[in-house]
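Just structure_35.cif here, mmCIF, C-alpha atoms:
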data_run
loop_
_atom_site.group_PDB
_atom_site.id
_atom_site.type_symbol
_atom_site.label_atom_id
_atom_site.label_comp_id
_atom_site.auth_asym_id
_atom_site.auth_seq_id
_atom_site.Cartn_x
_atom_site.Cartn_y
_atom_site.Cartn_z
ATOM 1 C CA MET A 1 -15.259 -112.669 -50.066
ATOM 2 C CA SER A 2 -15.939 -111.301 -46.591
ATOM 3 C CA ARG A 3 -16.167 -107.553 -46.245
ATOM 4 C CA LYS A 4 -13.373 -105.943 -44.233
ATOM 5 C CA GLN A 5 -14.654 -104.398 -41.001
ATOM 6 C CA PRO A 6 -13.830 -100.714 -40.535
ATOM 7 C CA ASN A 7 -11.488 -99.711 -37.718
ATOM 8 C CA PRO A 8 -13.606 -98.057 -34.954
ATOM 9 C CA ALA A 9 -10.678 -96.062 -33.614
ATOM 10 C CA ARG A 10 -9.969 -94.654 -37.041
ATOM 11 C CA ARG A 11 -13.611 -93.722 -37.508
ATOM 12 C CA LEU A 12 -13.748 -91.928 -34.164
ATOM 13 C CA ALA A 13 -10.567 -89.986 -34.842
ATOM 14 C CA GLY A 14 -12.217 -87.974 -37.562
ATOM 15 C CA ASN A 15 -15.482 -87.322 -35.714
ATOM 16 C CA GLY A 16 -16.483 -85.148 -32.793
ATOM 17 C CA PRO A 17 -15.571 -81.530 -32.028
ATOM 18 C CA PHE A 18 -11.804 -82.226 -31.985
ATOM 19 C CA GLY A 19 -11.708 -84.944 -34.572
ATOM 20 C CA GLY A 20 -10.149 -82.890 -37.307
ATOM 21 C CA LEU A 21 -7.493 -81.560 -34.976
ATOM 22 C CA PHE A 22 -6.218 -84.990 -33.897
ATOM 23 C CA HIS A 23 -6.644 -86.768 -37.189
ATOM 24 C CA PRO A 24 -3.294 -88.215 -38.317
ATOM 25 C CA LYS A 25 -3.545 -86.529 -41.686
ATOM 26 C CA SER A 26 -4.839 -83.191 -40.367
ATOM 27 C CA ARG A 27 -2.622 -80.134 -40.170
ATOM 28 C CA ILE A 28 -2.736 -77.401 -37.537
ATOM 29 C CA PRO A 29 -3.302 -74.011 -39.153
ATOM 30 C CA PRO A 30 -0.288 -71.648 -38.820
ATOM 31 C CA LEU A 31 -2.318 -69.055 -36.886
ATOM 32 C CA LEU A 32 -3.437 -71.674 -34.358
ATOM 33 C CA SER A 33 0.173 -72.788 -33.877
ATOM 34 C CA VAL A 34 1.236 -69.238 -33.034
ATOM 35 C CA VAL A 35 -1.649 -68.852 -30.565
ATOM 36 C CA LEU A 36 -0.749 -72.127 -28.824
ATOM 37 C CA ILE A 37 2.897 -71.080 -28.498
ATOM 38 C CA ILE A 38 1.954 -67.699 -27.016
ATOM 39 C CA VAL A 39 -0.434 -69.309 -24.510
ATOM 40 C CA GLY A 40 2.280 -71.774 -23.482
ATOM 41 C CA LEU A 41 4.821 -69.003 -22.895
ATOM 42 C CA VAL A 42 2.339 -67.012 -20.809
ATOM 43 C CA LEU A 43 1.633 -70.058 -18.639
ATOM 44 C CA LEU A 44 5.364 -70.749 -18.145
ATOM 45 C CA ILE A 45 6.124 -67.153 -17.183
ATOM 46 C CA GLY A 46 3.261 -67.124 -14.710
ATOM 47 C CA HIS A 47 4.471 -70.419 -13.261
ATOM 48 C CA PHE A 48 8.005 -69.114 -12.681
ATOM 49 C CA ARG A 49 6.870 -65.762 -11.289
ATOM 50 C CA SER A 50 4.614 -67.486 -8.777
ATOM 51 C CA GLY A 51 7.710 -68.965 -7.165
ATOM 52 C CA THR A 52 6.829 -72.604 -7.852
ATOM 53 C CA GLY A 53 8.986 -73.077 -10.948
ATOM 54 C CA ILE A 54 12.691 -73.657 -11.284
ATOM 55 C CA PHE A 55 13.327 -70.025 -10.339
ATOM 56 C CA GLY A 56 11.010 -70.139 -7.344
ATOM 57 C CA GLY A 57 13.772 -70.895 -4.867
ATOM 58 C CA GLN A 58 15.830 -67.956 -6.120
ATOM 59 C CA LYS A 59 12.869 -65.566 -5.816
ATOM 60 C CA GLU A 60 12.153 -66.775 -2.288
ATOM 61 C CA ALA A 61 15.768 -66.286 -1.240
ATOM 62 C CA THR A 62 15.736 -62.757 -2.621
ATOM 63 C CA ASN A 63 12.559 -61.885 -0.750
ATOM 64 C CA LYS A 64 14.075 -63.042 2.517
ATOM 65 C CA VAL A 65 16.733 -60.383 2.204
ATOM 66 C CA GLU A 66 14.886 -57.696 0.326
ATOM 67 C CA GLY A 67 11.805 -57.560 2.499
ATOM 68 C CA ASP A 68 9.904 -54.315 2.992
ATOM 69 C CA PHE A 69 11.699 -53.646 6.260
ATOM 70 C CA SER A 70 15.169 -54.940 5.496
ATOM 71 C CA CYS A 71 17.677 -52.408 6.762
ATOM 72 C CA THR A 72 20.436 -54.223 4.891
ATOM 73 C CA LEU A 73 18.607 -53.368 1.685
ATOM 74 C CA GLU A 74 18.389 -49.818 3.025
ATOM 75 C CA VAL A 75 22.185 -49.698 3.361
ATOM 76 C CA ARG A 76 22.544 -50.617 -0.302
ATOM 77 C CA ARG A 77 20.163 -47.813 -1.251
ATOM 78 C CA ALA A 78 22.021 -45.343 0.942
ATOM 79 C CA ILE A 79 25.611 -45.981 -0.174
ATOM 80 C CA SER A 80 25.705 -42.841 -2.334
ATOM 81 C CA ILE A 81 24.292 -40.796 0.574
ATOM 82 C CA LEU A 82 26.899 -42.231 2.930
ATOM 83 C CA ARG A 83 29.594 -41.360 0.395
ATOM 84 C CA LYS A 84 28.477 -37.723 0.402
ATOM 85 C CA THR A 85 28.302 -37.756 4.194
ATOM 86 C CA TYR A 86 31.708 -39.223 4.989
ATOM 87 C CA GLY A 87 33.679 -38.402 1.834
ATOM 88 C CA ASP A 88 37.237 -39.711 1.964
ATOM 89 C CA ASN A 89 36.523 -41.485 5.248
ATOM 90 C CA MET A 90 34.664 -44.133 3.237
ATOM 91 C CA ARG A 91 38.002 -45.653 2.297
ATOM 92 C CA LYS A 92 37.917 -48.810 4.409
ATOM 93 C CA VAL A 93 34.442 -49.975 5.414
ATOM 94 C CA LEU A 94 33.198 -52.871 7.509
ATOM 95 C CA HIS A 95 29.581 -53.966 7.198
ATOM 96 C CA VAL A 96 28.030 -56.118 9.916
ATOM 97 C CA GLY A 97 24.699 -57.797 9.260
ATOM 98 C CA PRO A 98 22.828 -60.438 7.272
ATOM 99 C CA ASP A 99 23.466 -60.559 3.527
ATOM 100 C CA SER A 100 26.714 -58.707 4.109
ATOM 101 C CA CYS A 101 27.982 -60.079 0.790
ATOM 102 C CA SER A 102 25.575 -57.893 -1.187
ATOM 103 C CA VAL A 103 26.653 -54.733 0.663
ATOM 104 C CA VAL A 104 30.350 -55.561 0.351
ATOM 105 C CA SER A 105 29.970 -56.274 -3.374
ATOM 106 C CA MET A 106 28.421 -52.840 -3.923
ATOM 107 C CA LEU A 107 31.056 -51.076 -1.836
ATOM 108 C CA LEU A 108 33.878 -52.772 -3.728
ATOM 109 C CA LYS A 109 32.574 -51.153 -6.913
ATOM 110 C CA GLU A 110 33.292 -47.736 -5.397
ATOM 111 C CA GLU A 111 36.625 -46.241 -6.404
ATOM 112 C CA GLU A 112 39.401 -46.400 -3.803
ATOM 113 C CA THR A 113 37.185 -48.257 -1.321
ATOM 114 C CA GLU A 114 38.126 -51.376 0.601
ATOM 115 C CA ALA A 115 35.171 -53.298 1.980
ATOM 116 C CA TRP A 116 34.854 -56.138 4.464
ATOM 117 C CA GLY A 117 31.892 -57.913 5.972
ATOM 118 C CA VAL A 118 30.784 -59.862 9.008
ATOM 119 C CA GLU A 119 27.824 -62.212 8.611
ATOM 120 C CA PRO A 120 26.289 -62.984 12.033
ATOM 121 C CA TYR A 121 24.168 -65.877 10.773
ATOM 122 C CA ASP A 122 24.622 -69.110 8.867
ATOM 123 C CA ILE A 123 25.389 -68.572 5.172
ATOM 124 C CA GLU A 124 25.484 -72.161 3.927
ATOM 125 C CA ASP A 125 22.848 -71.302 1.308
ATOM 126 C CA ALA A 126 24.861 -68.359 -0.040
ATOM 127 C CA ASP A 127 25.340 -67.974 -3.783
ATOM 128 C CA ARG A 128 28.622 -68.531 -5.602
ATOM 129 C CA SER A 129 29.804 -64.912 -5.491
ATOM 130 C CA CYS A 130 29.206 -64.742 -1.741
ATOM 131 C CA LYS A 131 31.074 -67.986 -1.154
ATOM 132 C CA THR A 132 33.966 -66.519 -3.127
ATOM 133 C CA LEU A 133 34.069 -63.505 -0.798
ATOM 134 C CA VAL A 134 34.005 -65.850 2.197
ATOM 135 C CA ARG A 135 36.771 -68.025 0.752
ATOM 136 C CA LYS A 136 38.943 -64.935 0.240
ATOM 137 C CA GLY A 137 38.329 -63.829 3.823
ATOM 138 C CA ILE A 138 36.621 -60.599 2.774
ATOM 139 C CA VAL A 139 33.362 -61.706 4.388
ATOM 140 C CA ARG A 140 33.449 -63.913 7.446
ATOM 141 C CA GLU A 141 30.969 -65.558 9.771
ATOM 142 C CA ALA A 142 31.267 -64.428 13.382
ATOM 143 C CA ASP A 143 29.116 -64.477 16.499
ATOM 144 C CA ILE A 144 28.709 -60.772 17.234
ATOM 145 C CA LYS A 145 27.881 -61.528 20.865
ATOM 146 C CA PHE A 146 31.625 -61.799 21.283
ATOM 147 C CA PRO A 147 34.327 -59.208 20.403
ATOM 148 C CA LEU A 148 35.069 -58.944 16.692
ATOM 149 C CA PRO A 149 38.413 -60.465 15.641
ATOM 150 C CA TYR A 150 39.848 -57.088 14.600
ATOM 151 C CA ARG A 151 42.216 -54.664 16.251
ATOM 152 C CA ALA A 152 41.064 -51.222 17.377
ATOM 153 C CA LYS A 153 40.426 -48.716 14.561
ATOM 154 C CA SER A 154 40.886 -51.359 11.866
ATOM 155 C CA PHE A 155 38.222 -49.685 9.692
ATOM 156 C CA SER A 156 37.421 -46.091 8.908
ATOM 157 C CA ILE A 157 33.633 -46.603 8.972
ATOM 158 C CA VAL A 158 31.611 -49.474 10.461
ATOM 159 C CA ILE A 159 28.043 -49.936 9.190
ATOM 160 C CA VAL A 160 25.608 -52.175 11.077
ATOM 161 C CA SER A 161 22.183 -53.333 9.850
ATOM 162 C CA ASP A 162 19.606 -55.962 10.877
ATOM 163 C CA ALA A 163 21.947 -57.346 13.529
ATOM 164 C CA LEU A 164 21.319 -55.460 16.775
ATOM 165 C CA ASP A 165 17.542 -55.911 16.460
ATOM 166 C CA TYR A 166 17.910 -59.598 17.336
ATOM 167 C CA LEU A 167 20.081 -59.095 20.413
ATOM 168 C CA SER A 168 18.856 -58.618 23.955
ATOM 169 C CA PRO A 169 19.847 -55.349 25.723
ATOM 170 C CA LYS A 170 22.463 -57.354 27.627
ATOM 171 C CA TYR A 171 24.298 -58.295 24.447
ATOM 172 C CA VAL A 172 23.705 -54.958 22.703
ATOM 173 C CA ASN A 173 25.463 -53.382 25.693
ATOM 174 C CA LYS A 174 28.535 -55.509 24.921
ATOM 175 C CA THR A 175 28.367 -55.568 21.134
ATOM 176 C CA LEU A 176 27.815 -51.956 20.137
ATOM 177 C CA PRO A 177 30.845 -50.556 22.024
ATOM 178 C CA ASP A 178 32.937 -53.220 20.302
ATOM 179 C CA PHE A 179 31.734 -51.972 16.898
ATOM 180 C CA ALA A 180 32.797 -48.466 17.919
ATOM 181 C CA ARG A 181 36.166 -49.867 19.035
ATOM 182 C CA VAL A 182 37.101 -51.140 15.576
ATOM 183 C CA SER A 183 36.024 -47.947 13.775
ATOM 184 C CA ALA A 184 38.342 -44.972 13.359
ATOM 185 C CA ASP A 185 36.029 -42.314 11.892
ATOM 186 C CA GLY A 186 32.484 -43.330 12.692
ATOM 187 C CA LEU A 187 29.821 -45.927 13.345
ATOM 188 C CA VAL A 188 26.538 -45.997 11.389
ATOM 189 C CA ILE A 189 23.541 -48.002 12.618
ATOM 190 C CA PHE A 190 20.544 -48.928 10.465
ATOM 191 C CA THR A 191 17.746 -50.306 12.633
ATOM 192 C CA GLY A 192 14.023 -50.858 12.225
ATOM 193 C CA TYR A 193 11.215 -48.705 13.515
ATOM 194 C CA PRO A 194 8.980 -50.037 16.324
ATOM 195 C CA GLY A 195 6.044 -52.025 15.017
ATOM 196 C CA LYS A 196 7.879 -53.360 11.983
ATOM 197 C CA GLN A 197 9.013 -56.983 11.851
ATOM 198 C CA SER A 198 12.236 -57.722 9.969
ATOM 199 C CA ALA A 199 11.992 -61.517 9.927
ATOM 200 C CA LYS A 200 9.273 -63.916 8.902
ATOM 201 C CA VAL A 201 8.147 -66.677 11.245
ATOM 202 C CA SER A 202 10.015 -69.215 9.093
ATOM 203 C CA GLU A 203 13.273 -67.335 9.728
ATOM 204 C CA LEU A 204 13.065 -67.174 13.515
ATOM 205 C CA SER A 205 15.033 -70.413 13.861
ATOM 206 C CA LYS A 206 17.859 -68.765 11.940
ATOM 207 C CA PHE A 207 17.948 -65.624 14.066
ATOM 208 C CA GLY A 208 17.099 -67.396 17.306
ATOM 209 C CA ARG A 209 14.563 -64.785 18.425
ATOM 210 C CA PRO A 210 12.092 -62.338 16.922
ATOM 211 C CA ALA A 211 13.311 -58.865 16.083
ATOM 212 C CA LYS A 212 12.938 -56.247 18.798
ATOM 213 C CA MET A 213 12.396 -52.836 17.238
ATOM 214 C CA ARG A 214 13.364 -50.021 19.578
ATOM 215 C CA SER A 215 12.371 -46.371 19.489
ATOM 216 C CA SER A 216 14.806 -43.529 18.823
ATOM 217 C CA SER A 217 14.431 -42.381 22.454
ATOM 218 C CA TRP A 218 15.474 -45.869 23.629
ATOM 219 C CA TRP A 219 18.554 -45.718 21.459
ATOM 220 C CA MET A 220 19.465 -42.235 22.627
ATOM 221 C CA ARG A 221 19.301 -43.304 26.267
ATOM 222 C CA PHE A 222 21.367 -46.361 25.413
ATOM 223 C CA PHE A 223 24.040 -44.257 23.702
ATOM 224 C CA VAL A 224 24.372 -42.100 26.821
ATOM 225 C CA GLN A 225 24.594 -45.146 29.091
ATOM 226 C CA THR A 226 27.389 -46.669 26.998
ATOM 227 C CA SER A 227 29.247 -43.358 26.552
ATOM 228 C CA LEU A 228 28.639 -43.333 22.778
ATOM 229 C CA GLU A 229 28.318 -39.876 21.251
ATOM 230 C CA VAL A 230 26.018 -39.008 18.375
ATOM 231 C CA ASN A 231 27.956 -37.489 15.474
ATOM 232 C CA GLU A 232 25.906 -34.334 14.951
ATOM 233 C CA ALA A 233 27.938 -33.172 11.936
ATOM 234 C CA ALA A 234 27.528 -36.494 10.102
ATOM 235 C CA THR A 235 23.835 -36.626 10.979
ATOM 236 C CA LYS A 236 23.283 -33.171 9.468
ATOM 237 C CA LYS A 237 25.256 -33.984 6.307
ATOM 238 C CA PHE A 238 23.349 -37.233 5.852
ATOM 239 C CA GLU A 239 19.984 -35.494 6.182
ATOM 240 C CA GLN A 240 20.995 -32.731 3.752
ATOM 241 C CA ALA A 241 22.258 -35.215 1.157
ATOM 242 C CA ALA A 242 19.126 -37.343 1.561
ATOM 243 C CA THR A 243 16.907 -34.317 0.986
ATOM 244 C CA LYS A 244 18.773 -33.288 -2.161
ATOM 245 C CA MET A 245 18.524 -36.796 -3.590
ATOM 246 C CA SER A 246 14.869 -37.265 -2.549
ATOM 247 C CA TYR A 247 15.866 -40.195 -0.373
ATOM 248 C CA LYS A 248 13.700 -41.094 2.618
ATOM 249 C CA PRO A 249 15.017 -44.033 4.640
ATOM 250 C CA SER A 250 12.544 -46.633 5.850
ATOM 251 C CA CYS A 251 14.852 -47.469 8.761
ATOM 252 C CA GLN A 252 16.257 -45.411 11.599
ATOM 253 C CA VAL A 253 19.800 -44.234 10.888
ATOM 254 C CA PHE A 254 22.162 -43.225 13.700
ATOM 255 C CA HIS A 255 25.635 -41.753 13.215
ATOM 256 C CA LEU A 256 28.000 -42.210 16.151
ATOM 257 C CA ASN A 257 31.537 -41.179 16.889
ATOM 258 C CA SER A 258 34.145 -43.867 17.372
ATOM 259 C CA TYR A 259 35.988 -44.318 20.677
ATOM 260 C CA HIS A 260 39.154 -42.226 20.918
#
In C-alpha cells, what does this structure look like?
Amino acid sequence: MSRKQPNPARRLAGNGPFGGLFHPKSRIPPLLSVVLIIVGLVLLIGHFRSGTGIFGGQKEATNKVEGDFSCTLEVRRAISILRKTYGDNMRKVLHVGPDSCSVVSMLLKEEETEAWGVEPYDIEDADRSCKTLVRKGIVREADIKFPLPYRAKSFSIVIVSDALDYLSPKYVNKTLPDFARVSADGLVIFTGYPGKQSAKVSELSKFGRPAKMRSSSWWMRFFVQTSLEVNEAATKKFEQAATKMSYKPSCQVFHLNSYH
C-alpha cells in the first residue's frame, strides 16, 4: 500500500511562533482573551475620539460652534449672570447669532422665560432638536442685513453674538439700531476681541467674509454715532455678578439701552 502524504498546510499550522495560536484545536487562554478585548476597546475609543470614526462628524460640528473664541458659547456660560443682571426683565428674550438653537434651548429651561432665536446663516445641517425649534417658529432663519420681522419692543432683552463681527460697518450701522428697536428693556452684545478669529478658513464660505474684531473704543464711538446709549447700571450689575461667580468672559460684553 502507498503511504499517505502528510498535508503541508496542516503541518505548518502547528509550527512557527504563532502556530499554536492558530491551530484549529488550540484554545486561547482566558487571560489572553481579556487582554485582546481591552486592546480592541482602547483602539476603538481612540479612533472615535480622533474624529475619524462614526462620531467624528458630530465632534467636528460641535467644535465649529464651541471654538475657543465663540461668543455664542460665551452667552450660554453667561445666562446665570444675565439673569442676575436683568432679573424679571429676562422674561422674553431674543437671541441673534449662529447656533441660536443651543442658546434658546437653555433659556427655555429657565422658569417663566420665553425665548426666541434668529439664525443669520444656513442651518440645513442642524440636529433634530434645532429643526424642531425651527418648525415651531421659535427659531427662524433671517438675513440680519435687513430689518427683523418683529414689531418694536417685541422682546424684553435682545442678545446678539457672533453676528455683527461678520458685517461691514455699513451694515452694522443699519442692523444694530434695528436690534435696539425690537428690544424693550435692553440690548446685550457679545463680540470678539481684536486679534481673535471666530471662524476657521473652512467656514468662510458660510459667513461670506472673515470676522472683523473691533476694539472697545471702536464700539464706543459707534454707539455715539448711532445714538445708542450704554446702560451703565446693567454694566455695573453684570460686572459685580461676574466677580462674585468667578466668571471672566472671553468676549467683549456691551449693555445698551433700547430706543424709547
Please expand the PyMOL selection byres ((chain A and resi 77) around 12) into the concrete residues it hits in this file, giving the result as number ranges by chain. A: 66, 70-76, 78-83, 102-103, 106-107, 190, 242, 245-251
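When the PyMOL selection byres ((chain A and resi 215) around 12) is run on the displayed coordinates, the residues it returns are A:Asp165, A:Thr191, A:Gly192, A:Tyr193, A:Pro194, A:Gly195, A:Lys196, A:Lys212, A:Met213, A:Arg214, A:Ser216, A:Ser217, A:Trp218, A:Trp219, A:Met220, A:Arg221, A:Phe222, A:Cys251, A:Gln252, A:Val253, A:Phe254.
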What would the file look like if the residues just selected were written as a CSV table (one decimal), in the frame of the given file with C-alpha atoms?
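The result, stored in selection_30.csv:
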chain,number,residue,atom,x,y,z
A,165,ASP,CA,17.5,-55.9,16.5
A,191,THR,CA,17.7,-50.3,12.6
A,192,GLY,CA,14.0,-50.9,12.2
A,193,TYR,CA,11.2,-48.7,13.5
A,194,PRO,CA,9.0,-50.0,16.3
A,195,GLY,CA,6.0,-52.0,15.0
A,196,LYS,CA,7.9,-53.4,12.0
A,212,LYS,CA,12.9,-56.2,18.8
A,213,MET,CA,12.4,-52.8,17.2
A,214,ARG,CA,13.4,-50.0,19.6
A,216,SER,CA,14.8,-43.5,18.8
A,217,SER,CA,14.4,-42.4,22.5
A,218,TRP,CA,15.5,-45.9,23.6
A,219,TRP,CA,18.6,-45.7,21.5
A,220,MET,CA,19.5,-42.2,22.6
A,221,ARG,CA,19.3,-43.3,26.3
A,222,PHE,CA,21.4,-46.4,25.4
A,251,CYS,CA,14.9,-47.5,8.8
A,252,GLN,CA,16.3,-45.4,11.6
A,253,VAL,CA,19.8,-44.2,10.9
A,254,PHE,CA,22.2,-43.2,13.7
Test item: residues at most 9 Å from Gly186 in chain A, only C-alpha atoms, excluding those fewer than 3 positions along its chain, as a PDB file with C-alpha atoms, keeping the file's coordinate frame:
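Output file result.pdb follows:
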ATOM      1  CA  TYR A  86      31.708 -39.223   4.989  1.00  0.00           C
ATOM      2  CA  ASN A  89      36.523 -41.485   5.248  1.00  0.00           C
ATOM      3  CA  SER A 156      37.421 -46.091   8.908  1.00  0.00           C
ATOM      4  CA  ILE A 157      33.633 -46.603   8.972  1.00  0.00           C
ATOM      5  CA  VAL A 158      31.611 -49.474  10.461  1.00  0.00           C
ATOM      6  CA  ILE A 159      28.043 -49.936   9.190  1.00  0.00           C
ATOM      7  CA  ALA A 180      32.797 -48.466  17.919  1.00  0.00           C
ATOM      8  CA  SER A 183      36.024 -47.947  13.775  1.00  0.00           C
ATOM      9  CA  ASN A 231      27.956 -37.489  15.474  1.00  0.00           C
ATOM     10  CA  ALA A 234      27.528 -36.494  10.102  1.00  0.00           C
ATOM     11  CA  HIS A 255      25.635 -41.753  13.215  1.00  0.00           C
ATOM     12  CA  LEU A 256      28.000 -42.210  16.151  1.00  0.00           C
ATOM     13  CA  ASN A 257      31.537 -41.179  16.889  1.00  0.00           C
ATOM     14  CA  SER A 258      34.145 -43.867  17.372  1.00  0.00           C
ATOM     15  CA  TYR A 259      35.988 -44.318  20.677  1.00  0.00           C
TER      16      TYR A 259
END
With the file shown as input, list the residues that the PyMOL selection byres ((chain A and resi 121-137) around 10) selects, as a PyMOL selection string. chain A and resi 58+61+97-102+104-105+116-120+138-144+163+206-208
Quick check, in Å to one decimal: how far apart do CA of Phe238 in chain A and CA of Asp88 in chain A lie? 14.6 Å
Distance criterion (all atoms listed in the file): nearest to Gly87 in chain A out of A:Asp185, A:Val224, A:Asp162, A:Glu229: A:Asp185
I want to know what sits within 8 Å of Ala152 in chain A, based on only C-alpha atoms, with residues of the same chain fewer than 4 positions away left out; could you give that as a list of chain:residue names? A:Arg181, A:Val182, A:Ser183, A:Ala184
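One distance worth recording is that between CA of Thr85 in chain A and CA of Val160 in chain A, which is 16.2 Å.
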CA of Lys237 in chain A and CA of Val93 in chain A are how many Å apart? 18.5 Å
Which residues, written as a VMD selection string, have at least one atom at most 9 Å from Glu112 in chain A, with only C-alpha atoms counted and residues fewer than 6 positions away on the same chain left out? chain A and resid 90 to 92
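Using all atoms listed in the file, the nearest neighbour of Lys170 in chain A within the list A:Tyr150, A:Thr226, A:Ile189, A:Gln240 is A:Thr226.
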